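**Student:** My structure file coords.csv, CSV, C-alpha atoms, is below:
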```
chain,number,residue,atom,x,y,z
A,42,MET,CA,34.1,60.7,-19.4
A,43,ALA,CA,37.0,58.3,-18.5
A,44,HIS,CA,38.6,56.2,-21.1
A,45,GLN,CA,41.0,53.3,-20.6
A,46,ALA,CA,44.5,53.8,-22.1
A,47,HIS,CA,44.9,50.0,-22.8
A,48,ALA,CA,43.2,47.2,-24.7
A,49,TYR,CA,42.3,45.0,-21.8
A,50,HIS,CA,39.1,44.4,-19.8
A,51,MET,CA,39.2,45.4,-16.2
A,52,VAL,CA,36.2,43.5,-15.0
A,53,ASP,CA,33.7,45.1,-12.6
A,54,PRO,CA,33.3,43.5,-9.1
A,55,SER,CA,31.1,40.4,-9.2
A,56,PRO,CA,29.5,38.0,-6.7
A,57,TRP,CA,29.7,34.9,-8.9
A,58,PRO,CA,33.3,33.8,-7.9
A,59,LEU,CA,32.1,33.7,-4.3
A,60,THR,CA,28.9,31.9,-5.0
A,61,GLY,CA,30.9,29.5,-7.2
A,62,ALA,CA,33.3,28.8,-4.3
A,63,ILE,CA,30.4,28.3,-1.9
A,64,SER,CA,28.7,25.9,-4.2
A,65,ALA,CA,32.0,23.9,-4.4
A,66,LEU,CA,32.0,23.7,-0.6
A,67,LEU,CA,28.3,22.6,-0.5
A,68,MET,CA,28.7,20.1,-3.3
A,69,THR,CA,31.8,18.4,-1.8
A,70,SER,CA,30.4,18.3,1.8
A,71,GLY,CA,27.0,17.4,0.3
A,72,LEU,CA,28.4,14.4,-1.6
A,73,ALA,CA,30.1,13.2,1.6
A,74,THR,CA,26.9,13.5,3.7
A,75,THR,CA,24.8,11.9,0.9
A,76,PHE,CA,27.1,8.8,0.9
A,77,HIS,CA,27.3,8.5,4.7
A,78,TYR,CA,23.8,9.7,5.9
A,79,LYS,CA,21.7,9.3,2.8
A,80,THR,CA,20.5,12.9,2.9
A,81,THR,CA,20.7,15.0,-0.3
A,82,THR,CA,20.0,18.5,1.0
A,83,LEU,CA,23.5,19.9,0.9
A,84,LEU,CA,24.2,18.3,-2.4
A,85,PHE,CA,21.0,19.7,-3.9
A,86,LEU,CA,21.7,23.2,-2.5
A,87,GLY,CA,25.2,23.1,-3.9
A,88,THR,CA,24.2,22.0,-7.3
A,89,THR,CA,21.4,24.6,-7.5
A,90,LEU,CA,23.9,27.3,-6.5
A,91,LEU,CA,26.4,26.0,-9.1
A,92,LEU,CA,23.9,26.2,-11.9
A,93,LEU,CA,22.8,29.7,-10.9
A,94,THR,CA,26.5,30.8,-10.7
A,95,MET,CA,27.3,29.4,-14.2
A,96,PHE,CA,24.2,30.9,-15.7
A,97,GLN,CA,24.7,34.4,-14.3
A,98,TRP,CA,28.5,34.5,-14.7
A,99,TRP,CA,28.4,33.5,-18.3
A,100,ARG,CA,25.4,35.8,-18.9
A,101,ASP,CA,27.5,38.7,-17.6
A,102,ILE,CA,30.3,37.8,-19.9
A,103,ILE,CA,27.9,37.9,-22.9
A,104,ARG,CA,26.7,41.3,-21.7
A,105,GLU,CA,30.2,42.6,-21.4
A,106,SER,CA,31.3,41.4,-24.8
A,107,THR,CA,28.4,41.2,-27.2
A,108,PHE,CA,26.5,44.2,-25.8
A,109,GLN,CA,29.2,46.4,-24.2
A,110,GLY,CA,32.1,45.7,-26.6
A,111,HIS,CA,34.8,45.0,-24.0
A,112,HIS,CA,36.3,42.0,-25.8
A,113,THR,CA,39.0,43.5,-27.9
A,114,THR,CA,41.4,41.3,-29.9
A,115,SER,CA,43.8,41.3,-27.0
A,116,VAL,CA,41.0,40.1,-24.7
A,117,GLN,CA,40.0,37.4,-27.1
A,118,LYS,CA,43.6,36.3,-27.3
A,119,GLY,CA,43.8,35.9,-23.6
A,120,HIS,CA,40.6,33.9,-23.6
A,121,GLY,CA,42.2,31.7,-26.2
A,122,TYR,CA,45.1,31.0,-24.0
A,123,GLY,CA,42.7,30.4,-21.1
A,124,MET,CA,40.6,27.8,-23.0
A,125,VAL,CA,43.7,26.0,-24.2
A,126,LEU,CA,45.1,25.8,-20.7
A,127,PHE,CA,41.8,24.6,-19.4
A,128,ILE,CA,41.5,21.9,-22.0
A,129,THR,CA,45.1,20.9,-21.3
A,130,SER,CA,44.2,20.4,-17.6
A,131,GLU,CA,41.3,18.2,-18.6
A,132,VAL,CA,43.6,16.1,-20.8
A,133,PHE,CA,45.7,15.5,-17.7
A,134,PHE,CA,42.5,14.6,-15.8
A,135,PHE,CA,41.8,11.9,-18.3
A,136,ILE,CA,45.4,10.7,-18.4
A,137,GLY,CA,45.0,9.7,-14.8
A,138,PHE,CA,42.1,7.3,-15.6
A,139,PHE,CA,43.9,5.9,-18.6
A,140,TRP,CA,46.9,5.3,-16.3
A,141,ALA,CA,44.7,3.4,-13.9
A,142,PHE,CA,43.2,1.3,-16.8
A,143,TYR,CA,46.6,0.4,-18.3
A,144,HIS,CA,48.1,-0.3,-14.8
A,145,SER,CA,45.4,-2.9,-14.1
A,146,SER,CA,45.1,-4.4,-17.6
A,147,LEU,CA,48.7,-4.7,-18.7
A,148,ALA,CA,49.6,-7.0,-15.8
A,149,PRO,CA,46.3,-8.5,-14.7
A,150,ALA,CA,46.3,-9.6,-11.0
A,151,ILE,CA,46.0,-13.3,-10.2
A,152,GLU,CA,42.7,-12.6,-8.3
A,153,LEU,CA,41.2,-11.6,-11.7
A,154,GLY,CA,42.4,-14.9,-13.3
A,155,GLY,CA,45.6,-13.4,-14.5
A,156,LEU,CA,44.0,-12.3,-17.7
A,157,TRP,CA,42.2,-9.3,-19.2
A,158,PRO,CA,39.3,-9.0,-19.5
A,159,PRO,CA,39.1,-10.7,-16.1
A,160,THR,CA,37.4,-14.2,-15.8
A,161,GLY,CA,33.6,-13.8,-15.7
A,162,ILE,CA,33.6,-10.5,-17.6
A,163,THR,CA,31.8,-10.4,-21.0
A,164,PRO,CA,33.1,-7.2,-22.6
A,165,LEU,CA,30.9,-5.2,-25.0
A,166,ASP,CA,31.5,-6.0,-28.7
A,167,PRO,CA,33.6,-3.0,-29.9
A,168,PHE,CA,32.0,-3.3,-33.4
A,169,GLU,CA,28.4,-2.8,-32.3
A,170,VAL,CA,27.2,0.3,-30.4
A,171,PRO,CA,30.8,1.5,-29.6
A,172,LEU,CA,31.6,1.7,-33.3
A,173,LEU,CA,28.4,3.6,-33.9
A,174,ASN,CA,29.3,6.0,-31.1
A,175,THR,CA,32.7,6.6,-32.8
A,176,ALA,CA,31.0,7.3,-36.1
A,177,VAL,CA,28.5,9.7,-34.4
A,178,LEU,CA,31.3,11.7,-32.7
A,179,LEU,CA,33.5,11.8,-35.8
A,180,ALA,CA,30.5,13.0,-37.8
A,181,SER,CA,29.8,15.7,-35.2
A,182,GLY,CA,33.4,16.9,-35.7
A,183,VAL,CA,32.7,17.4,-39.4
A,184,THR,CA,29.4,19.2,-38.8
A,185,VAL,CA,30.9,21.6,-36.2
A,186,THR,CA,33.7,22.4,-38.8
A,187,TRP,CA,31.0,23.1,-41.4
A,188,ALA,CA,29.3,25.3,-38.8
A,189,HIS,CA,32.5,27.2,-38.2
A,190,HIS,CA,33.2,27.9,-41.9
A,191,SER,CA,29.5,28.9,-42.3
A,192,ILE,CA,29.8,31.5,-39.5
A,193,ILE,CA,33.0,32.9,-41.1
A,194,GLU,CA,31.4,33.1,-44.5
A,195,GLY,CA,28.3,34.8,-43.0
A,196,ALA,CA,26.1,32.0,-44.2
A,197,ARG,CA,23.3,32.1,-41.5
A,198,LYS,CA,21.1,29.2,-42.5
A,199,PRO,CA,23.9,26.7,-43.1
A,200,ALA,CA,25.4,27.7,-39.8
A,201,LEU,CA,22.2,27.1,-37.9
A,202,GLN,CA,21.6,23.9,-39.8
A,203,SER,CA,25.1,22.5,-39.1
A,204,LEU,CA,25.2,23.6,-35.5
A,205,THR,CA,21.8,22.0,-34.9
A,206,LEU,CA,23.1,18.7,-36.5
A,207,THR,CA,26.1,18.8,-34.2
A,208,VAL,CA,23.9,19.1,-31.1
A,209,LEU,CA,21.6,16.3,-32.3
A,210,LEU,CA,24.6,14.0,-32.8
A,211,GLY,CA,25.8,14.9,-29.3
A,212,LEU,CA,22.4,14.0,-27.9
A,213,TYR,CA,22.3,10.8,-29.9
A,214,PHE,CA,25.7,9.7,-28.5
A,215,THR,CA,24.5,10.4,-24.9
A,216,ALA,CA,21.3,8.4,-25.5
A,217,LEU,CA,23.2,5.5,-27.0
A,218,GLN,CA,25.7,5.4,-24.2
A,219,ALA,CA,22.9,5.5,-21.5
A,220,MET,CA,21.3,2.5,-23.2
A,221,GLU,CA,24.7,0.7,-23.3
A,222,TYR,CA,25.1,1.4,-19.5
A,223,TYR,CA,21.8,-0.2,-18.8
A,224,GLU,CA,22.3,-3.2,-21.1
A,225,ALA,CA,25.9,-4.0,-20.0
A,226,PRO,CA,26.3,-7.4,-18.4
A,227,PHE,CA,28.9,-6.0,-16.1
A,228,THR,CA,28.6,-3.2,-13.5
A,229,LEU,CA,30.7,-0.6,-11.6
A,230,ALA,CA,31.0,-3.1,-8.8
A,231,ASP,CA,32.7,-5.8,-11.0
A,232,GLY,CA,36.2,-5.2,-9.7
A,233,VAL,CA,38.8,-3.2,-11.4
A,234,TYR,CA,37.3,-3.9,-14.9
A,235,GLY,CA,34.0,-2.3,-14.0
A,236,CYS,CA,35.7,0.5,-12.1
A,237,THR,CA,38.1,1.6,-14.8
A,238,PHE,CA,35.4,1.1,-17.5
A,239,PHE,CA,32.6,3.1,-15.9
A,240,VAL,CA,34.7,5.9,-14.3
A,241,ALA,CA,36.6,6.6,-17.6
A,242,THR,CA,33.6,6.4,-19.9
A,243,GLY,CA,31.4,8.0,-17.2
A,244,PHE,CA,33.6,11.1,-17.0
A,245,HIS,CA,33.8,11.2,-20.8
A,246,GLY,CA,30.0,11.0,-21.0
A,247,LEU,CA,29.8,13.9,-18.5
A,248,HIS,CA,32.1,15.9,-20.8
A,249,VAL,CA,29.9,15.1,-23.8
A,250,ILE,CA,26.9,16.5,-21.9
A,251,ILE,CA,28.9,19.6,-21.0
A,252,GLY,CA,30.1,20.0,-24.6
A,253,THR,CA,26.6,19.5,-26.0
A,254,THR,CA,25.3,22.2,-23.6
A,255,PHE,CA,28.0,24.6,-24.6
A,256,LEU,CA,27.1,24.0,-28.3
A,257,MET,CA,23.4,24.5,-27.6
A,258,VAL,CA,24.2,27.9,-26.0
A,259,CYS,CA,26.2,28.8,-29.1
A,260,LEU,CA,23.2,27.8,-31.3
A,261,LEU,CA,20.9,29.9,-29.2
A,262,ARG,CA,23.3,32.9,-29.4
A,263,HIS,CA,23.6,32.5,-33.1
A,264,THR,CA,19.9,32.7,-33.5
A,265,HIS,CA,20.0,36.0,-31.7
A,266,TYR,CA,22.8,37.4,-33.9
A,267,HIS,CA,25.5,37.4,-31.3
A,268,PHE,CA,28.2,36.1,-33.6
A,269,THR,CA,29.8,38.0,-36.5
A,270,SER,CA,31.9,36.5,-39.2
A,271,LYS,CA,35.1,37.9,-37.6
A,272,HIS,CA,34.2,37.7,-33.9
A,273,HIS,CA,32.8,34.5,-32.5
A,274,PHE,CA,35.2,33.3,-29.9
A,275,GLY,CA,32.5,31.6,-27.8
A,276,PHE,CA,31.7,29.3,-30.7
A,277,GLU,CA,35.4,28.6,-31.3
A,278,ALA,CA,35.9,27.7,-27.6
A,279,ALA,CA,32.9,25.3,-27.8
A,280,ALA,CA,34.3,23.8,-31.0
A,281,TRP,CA,37.7,23.2,-29.4
A,282,TYR,CA,36.1,21.6,-26.4
A,283,TRP,CA,34.0,19.4,-28.7
A,284,HIS,CA,37.1,18.2,-30.6
A,285,PHE,CA,38.8,17.4,-27.3
A,286,VAL,CA,35.7,15.3,-26.3
A,287,ASP,CA,35.9,13.5,-29.6
A,288,VAL,CA,39.7,12.8,-29.2
A,289,VAL,CA,39.2,11.4,-25.7
A,290,TRP,CA,36.5,9.1,-27.0
A,291,LEU,CA,38.9,7.8,-29.7
A,292,PHE,CA,41.5,7.0,-27.0
A,293,LEU,CA,38.8,5.3,-24.9
A,294,TYR,CA,37.5,3.3,-27.9
A,295,ILE,CA,41.0,2.1,-28.9
A,296,SER,CA,42.2,1.3,-25.4
A,297,ILE,CA,39.2,0.2,-23.3
A,298,TYR,CA,36.7,-1.0,-25.9
A,299,TRP,CA,39.0,-2.5,-28.5
A,300,TRP,CA,42.3,-3.5,-27.0
A,301,GLY,CA,40.7,-4.1,-23.7
A,302,SER,CA,38.3,-6.8,-25.1
B,263,MET,CA,61.6,42.1,-38.6
B,264,LEU,CA,60.2,42.3,-42.2
B,265,GLN,CA,61.2,38.7,-42.7
B,266,ARG,CA,58.5,36.3,-41.9
B,267,SER,CA,59.2,32.7,-41.3
B,268,TYR,CA,58.0,30.3,-44.0
B,269,LEU,CA,55.6,28.8,-41.6
B,270,THR,CA,54.0,32.2,-40.8
B,271,GLN,CA,53.6,32.9,-44.5
B,272,VAL,CA,51.9,29.5,-45.2
B,273,TRP,CA,49.6,30.0,-42.1
B,274,HIS,CA,48.5,33.4,-43.4
B,275,GLN,CA,47.8,32.0,-46.8
B,276,LEU,CA,45.7,29.1,-45.5
B,277,SER,CA,43.7,31.1,-43.0
B,278,SER,CA,42.6,34.1,-45.2
B,279,PRO,CA,39.2,33.5,-46.8
B,280,ALA,CA,40.5,35.1,-50.0
B,281,ALA,CA,43.1,32.4,-50.5
B,282,GLY,CA,42.1,29.9,-53.2
B,283,HIS,CA,44.7,27.2,-52.8
B,284,GLY,CA,44.1,24.5,-50.2
B,285,GLU,CA,41.3,26.2,-48.3
B,286,LYS,CA,38.2,24.2,-47.2
B,287,SER,CA,35.1,26.3,-47.5
B,288,ALA,CA,31.7,25.7,-45.9
B,289,LYS,CA,30.5,24.0,-49.0
B,290,THR,CA,33.3,21.4,-48.8
B,291,TRP,CA,32.4,20.6,-45.2
B,292,LYS,CA,28.7,20.4,-46.0
B,293,MET,CA,29.5,17.9,-48.7
B,294,LEU,CA,31.7,15.9,-46.3
B,295,THR,CA,28.8,15.9,-43.9
B,296,PHE,CA,26.1,14.5,-46.2
B,297,LEU,CA,28.3,12.3,-48.4
B,298,VAL,CA,30.7,10.8,-45.8
B,299,ALA,CA,30.0,11.6,-42.2
B,300,LEU,CA,26.2,11.0,-42.0
B,301,PRO,CA,26.2,8.0,-44.3
B,302,GLY,CA,29.0,6.6,-42.1
B,303,VAL,CA,26.7,6.9,-39.1
B,304,GLY,CA,23.9,5.3,-41.1
B,305,VAL,CA,26.1,2.3,-42.0
B,306,CYS,CA,27.1,1.8,-38.4
B,307,MET,CA,23.5,2.1,-37.3
B,308,LEU,CA,22.5,-0.7,-39.8
B,309,ASN,CA,25.5,-2.8,-38.7
B,310,THR,CA,24.5,-2.4,-35.0
B,311,PHE,CA,20.9,-3.3,-35.7
B,312,LEU,CA,21.8,-6.4,-37.7
B,313,LYS,CA,24.3,-7.6,-35.2
B,314,ALA,CA,21.8,-7.1,-32.4
B,315,GLN,CA,19.3,-9.4,-34.1
B,316,HIS,CA,21.8,-12.2,-34.0
B,317,HIS,CA,22.2,-12.0,-30.3
B,318,SER,CA,20.8,-14.7,-28.1
B,319,HIS,CA,18.7,-13.2,-25.4
B,320,GLU,CA,19.8,-15.7,-22.7
B,321,GLN,CA,21.1,-14.6,-19.4
B,322,PRO,CA,24.9,-15.0,-19.1
B,323,GLU,CA,25.7,-17.9,-16.8
B,324,PHE,CA,26.0,-17.0,-13.1
B,325,VAL,CA,29.3,-18.1,-11.4
B,326,PRO,CA,29.8,-16.6,-7.8
B,327,TYR,CA,33.3,-15.3,-8.5
B,328,SER,CA,34.7,-13.4,-5.5
B,329,HIS,CA,36.4,-10.8,-7.6
B,330,LEU,CA,33.1,-9.6,-9.2
B,331,ARG,CA,29.9,-8.1,-7.7
B,332,ILE,CA,31.9,-6.5,-4.9
B,333,ARG,CA,30.0,-5.0,-2.0
B,334,SER,CA,32.5,-3.5,0.4
B,335,LYS,CA,29.8,-0.9,1.4
B,336,ARG,CA,26.1,-0.5,0.7
B,337,PHE,CA,25.2,1.9,-2.1
B,338,PRO,CA,23.5,5.0,-0.8
B,339,TRP,CA,20.3,4.4,-2.7
B,340,GLY,CA,17.5,1.9,-2.7
B,341,ASP,CA,18.3,-1.3,-0.7
B,342,GLY,CA,22.0,-0.6,-1.1
B,343,ASN,CA,22.6,-3.7,-3.1
B,344,LYS,CA,22.0,-2.6,-6.7
B,345,THR,CA,24.2,-0.5,-8.9
B,346,LEU,CA,22.9,2.7,-10.5
B,347,PHE,CA,22.1,1.2,-13.9
B,348,HIS,CA,21.0,-2.1,-12.5
B,349,ASN,CA,19.4,-4.4,-15.1
B,350,PRO,CA,17.8,-7.4,-13.5
B,351,HIS,CA,18.0,-9.4,-16.7
B,352,VAL,CA,21.8,-9.2,-17.2
B,353,ASN,CA,23.1,-8.0,-13.8
B,354,ALA,CA,23.2,-10.7,-11.2
B,355,LEU,CA,23.3,-9.8,-7.5
B,356,PRO,CA,26.1,-11.3,-5.3
B,357,GLY,CA,23.9,-14.2,-4.6
B,358,GLY,CA,22.7,-14.8,-8.1
B,359,TYR,CA,20.0,-13.4,-10.5
B,360,GLU,CA,16.9,-12.0,-8.9
B,361,SER,CA,14.0,-14.5,-9.2
B,362,HIS,CA,11.4,-13.3,-11.8
B,363,GLU,CA,7.9,-13.0,-10.4
```
Any chance you could give the structure as structure tokens?

**Tutor:**
Amino acid sequence: MAHQAHAYHMVDPSPWPLTGAISALLMTSGLATTFHYKTTTLLFLGTTLLLLTMFQWWRDIIRESTFQGHHTTSVQKGHGYGMVLFITSEVFFFIGFFWAFYHSSLAPAIELGGLWPPTGITPLDPFEVPLLNTAVLLASGVTVTWAHHSIIEGARKPALQSLTLTVLLGLYFTALQAMEYYEAPFTLADGVYGCTFFVATGFHGLHVIIGTTFLMVCLLRHTHYHFTSKHHFGFEAAAWYWHFVDVVWLFLYISIYWWGS
Amino acid sequence: MLQRSYLTQVWHQLSSPAAGHGEKSAKTWKMLTFLVALPGVGVCMLNTFLKAQHHSHEQPEFVPYSHLRIRSKRFPWGDGNKTLFHNPHVNALPGGYESHE
């Protein structure tokens, strides 16, 4: 029987990178055709293929690690670097939108009335729902840390309890923000104010949904005993991502909601 | 090579579960959750609820500013004139609020 003389994981051939790339093509072309011709077929196909790709790729990773034992310490270390680099790339993604916001708001154009918020815009009160949203995300940062320590200490029930609380807080944030979007007296079409507001908070909201989903998967895995007190990198990656989402919100709150009002 | 930097030594002390000094255990974070974090959320919920009651429910006045309600191109849904989260009560169309039937 062949053994590897190294601590790394040489992954078996897989179709999911190809299906992922195809879904990217279908989604981009699909978005363009949806906007220009009002037909959603390509976009729908692309999205379905993306969801299937993600499900099967990550399921394979769980099989290779939890069930086949391929994730040595060295492999975990590499995943750590990967997750940090990915989150860093996302930070730069958001920097772009903050740049756009500050560009437009620090020296407001004369067409907006030469002031910020522009004439005719009633901004949301930062001390109502936005403040509640801040408390919700900060609380979820505390609960996810409680969950992490519980997993390390092998405390199963507290881990499940705290992880569930974290997910519920994430869902609560999303529900509150959706309500805010509906109740807002300004829209995406309200010039550069509406544009910077909804694009920045919109992408943040999308990341909250992604983070909540990641945590839900961790919760499901923990109920199935996938994590040990010493080896639970999937959970750690989810927790890092969640903290990143929280920090982005804090910047959004201070810049757009508070200073920008 | 046997010398570790001061930082590495401190890091190892803080991250090992056996260390007593300065470590935050699950119990501490549980207390923070129920004594600080969740009550904080509760206070903010109450504050939001109370402030919302003070709101007037009038529609904001409509002024046909040209820098707002921009329609360079029709939206690819519905009649092409309403944003995705359109709320007829507070979102006027370029010509004004929709008449309520």

**Student:** Sorted by chain and rising residue number, which residues of region 190-209 of chain A lie within 10 Å of region 275-289 of chain A, and what are their closest atom pairs and distances in Å to one decimal, counting all atoms listed in the file, as a tab-separated table?

**Tutor:**
```
residue	atom	partner	partner_atom	distance
A:Ile192	CA	A:Phe276	CA	9.3
A:Leu204	CA	A:Phe276	CA	9.9
A:Thr207	CA	A:Trp283	CA	9.6
```

**Student:** Just C-alpha atoms for this one: save the residues we selected as a short mmCIF file (atom, residue, chain, number, x, y, z; two decimals), in the frame of the given file.

**Tutor:**
```
data_model
loop_
_atom_site.label_atom_id
_atom_site.label_comp_id
_atom_site.auth_asym_id
_atom_site.auth_seq_id
_atom_site.Cartn_x
_atom_site.Cartn_y
_atom_site.Cartn_z
CA ILE A 192 29.80 31.50 -39.50
CA LEU A 204 25.20 23.60 -35.50
CA THR A 207 26.10 18.80 -34.20
#
```

**Student:** Counting all atoms listed in the file, give me one row per residue of chain B with an atom at most 10 Å from an atom of chain A, showing the shortest contact pair and its distance in Å to one decimal, sorted by chain then residue number, as a Markdown table.

**Tutor:**
```
| residue | atom | partner | partner_atom | distance |
| --- | --- | --- | --- | --- |
| B:Pro279 | CA | A:Glu194 | CA | 8.1 |
| B:Lys286 | CA | A:His190 | CA | 8.2 |
| B:Ser287 | CA | A:His190 | CA | 6.1 |
| B:Ala288 | CA | A:His190 | CA | 4.8 |
| B:Lys289 | CA | A:Trp187 | CA | 7.7 |
| B:Thr290 | CA | A:Trp187 | CA | 7.9 |
| B:Trp291 | CA | A:Trp187 | CA | 4.8 |
| B:Lys292 | CA | A:Trp187 | CA | 5.8 |
| B:Met293 | CA | A:Trp187 | CA | 9.1 |
| B:Leu294 | CA | A:Val183 | CA | 7.1 |
| B:Thr295 | CA | A:Thr184 | CA | 6.1 |
| B:Phe296 | CA | A:Thr184 | CA | 9.4 |
| B:Val298 | CA | A:Ala180 | CA | 8.3 |
| B:Ala299 | CA | A:Ala180 | CA | 4.6 |
| B:Leu300 | CA | A:Ala180 | CA | 6.3 |
| B:Pro301 | CA | A:Ala180 | CA | 9.3 |
| B:Gly302 | CA | A:Ala176 | CA | 6.4 |
| B:Val303 | CA | A:Ala176 | CA | 5.3 |
| B:Gly304 | CA | A:Leu173 | CA | 8.7 |
| B:Val305 | CA | A:Leu173 | CA | 8.5 |
| B:Cys306 | CA | A:Leu173 | CA | 5.0 |
| B:Met307 | CA | A:Leu173 | CA | 6.1 |
| B:Leu308 | CA | A:Leu173 | CA | 9.4 |
| B:Asn309 | CA | A:Glu169 | CA | 7.0 |
| B:Thr310 | CA | A:Glu169 | CA | 4.8 |
| B:Phe311 | CA | A:Glu169 | CA | 8.2 |
| B:Leu312 | CA | A:Glu169 | CA | 9.3 |
| B:Lys313 | CA | A:Glu169 | CA | 6.9 |
| B:Ala314 | CA | A:Glu169 | CA | 7.9 |
| B:Gln321 | CA | A:Pro226 | CA | 8.9 |
| B:Pro322 | CA | A:Pro226 | CA | 7.8 |
| B:Glu323 | CA | A:Gly161 | CA | 9.0 |
| B:Phe324 | CA | A:Gly161 | CA | 8.6 |
| B:Val325 | CA | A:Gly161 | CA | 7.4 |
| B:Pro326 | CA | A:Gly161 | CA | 9.2 |
| B:Tyr327 | CA | A:Gly161 | CA | 7.4 |
| B:Ser328 | CA | A:Glu152 | CA | 8.5 |
| B:His329 | CA | A:Gly232 | CA | 6.0 |
| B:Leu330 | CA | A:Asp231 | CA | 4.2 |
| B:Arg331 | CA | A:Asp231 | CA | 4.9 |
| B:Ile332 | CA | A:Ala230 | CA | 5.3 |
| B:Arg333 | CA | A:Ala230 | CA | 7.1 |
| B:Ser334 | CA | A:Ala230 | CA | 9.3 |
| B:Arg336 | CA | A:Phe76 | CA | 9.4 |
| B:Phe337 | CA | A:Phe76 | CA | 7.8 |
| B:Pro338 | CA | A:Phe76 | CA | 5.5 |
| B:Trp339 | CA | A:Lys79 | CA | 7.5 |
| B:Lys344 | CA | A:Ala230 | CA | 9.3 |
| B:Thr345 | CA | A:Thr228 | CA | 6.9 |
| B:Leu346 | CA | A:Leu229 | CA | 8.5 |
| B:Phe347 | CA | A:Tyr223 | CA | 5.1 |
| B:His348 | CA | A:Tyr223 | CA | 6.6 |
| B:Asn349 | CA | A:Tyr223 | CA | 6.1 |
| B:Pro350 | CA | A:Glu224 | CA | 9.8 |
| B:His351 | CA | A:Pro226 | CA | 8.7 |
| B:Val352 | CA | A:Pro226 | CA | 5.0 |
| B:Asn353 | CA | A:Pro226 | CA | 5.6 |
| B:Ala354 | CA | A:Pro226 | CA | 8.5 |
```

**Student:** Rounded to one decimal place, report the CA of Tyr49 (chain A)-CA of Ser115 (chain A) distance in Å.

**Tutor:**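 Computing the Euclidean distance for CA of Tyr49 (chain A) and CA of Ser115 (chain A) yields 6.6 Å.
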
**Student:** From the options A:Thr205, A:Trp157, A:His50, A:Ala148, which residue's atoms come nearest to Val116 (chain A), counting only C-alpha atoms?

**Tutor:**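 Result for the nearest residue to Val116 (chain A): A:His50.
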
**Student:** How many Å lie between CA of Pro158 (chain A) and CA of Trp299 (chain A), rounded to one decimal?

**Tutor:**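 If I compute the distance from CA of Pro158 (chain A) to CA of Trp299 (chain A), I get 11.1 Å.
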
**Student:** Using only C-alpha atoms, pick whichever of B:Leu297, B:Asn343, B:Lys335, B:His319 has the shortest atom-to-atom distance to Gly357 (chain B).

**Tutor:** B:Asn343

**Student:** Take CA of Leu147 (chain A) and CA of Thr237 (chain A) and report the distance between them in Å, one decimal.

**Tutor:**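 Between CA of Leu147 (chain A) and CA of Thr237 (chain A) the gap works out to 12.9 Å.
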
**Student:** Given the choices A:Leu86, A:Leu212, A:Ile251, A:Val52, which gets closest to Asp101 (chain A) if the distance is worked out from all atoms listed in the file?

**Tutor:** A:Val52
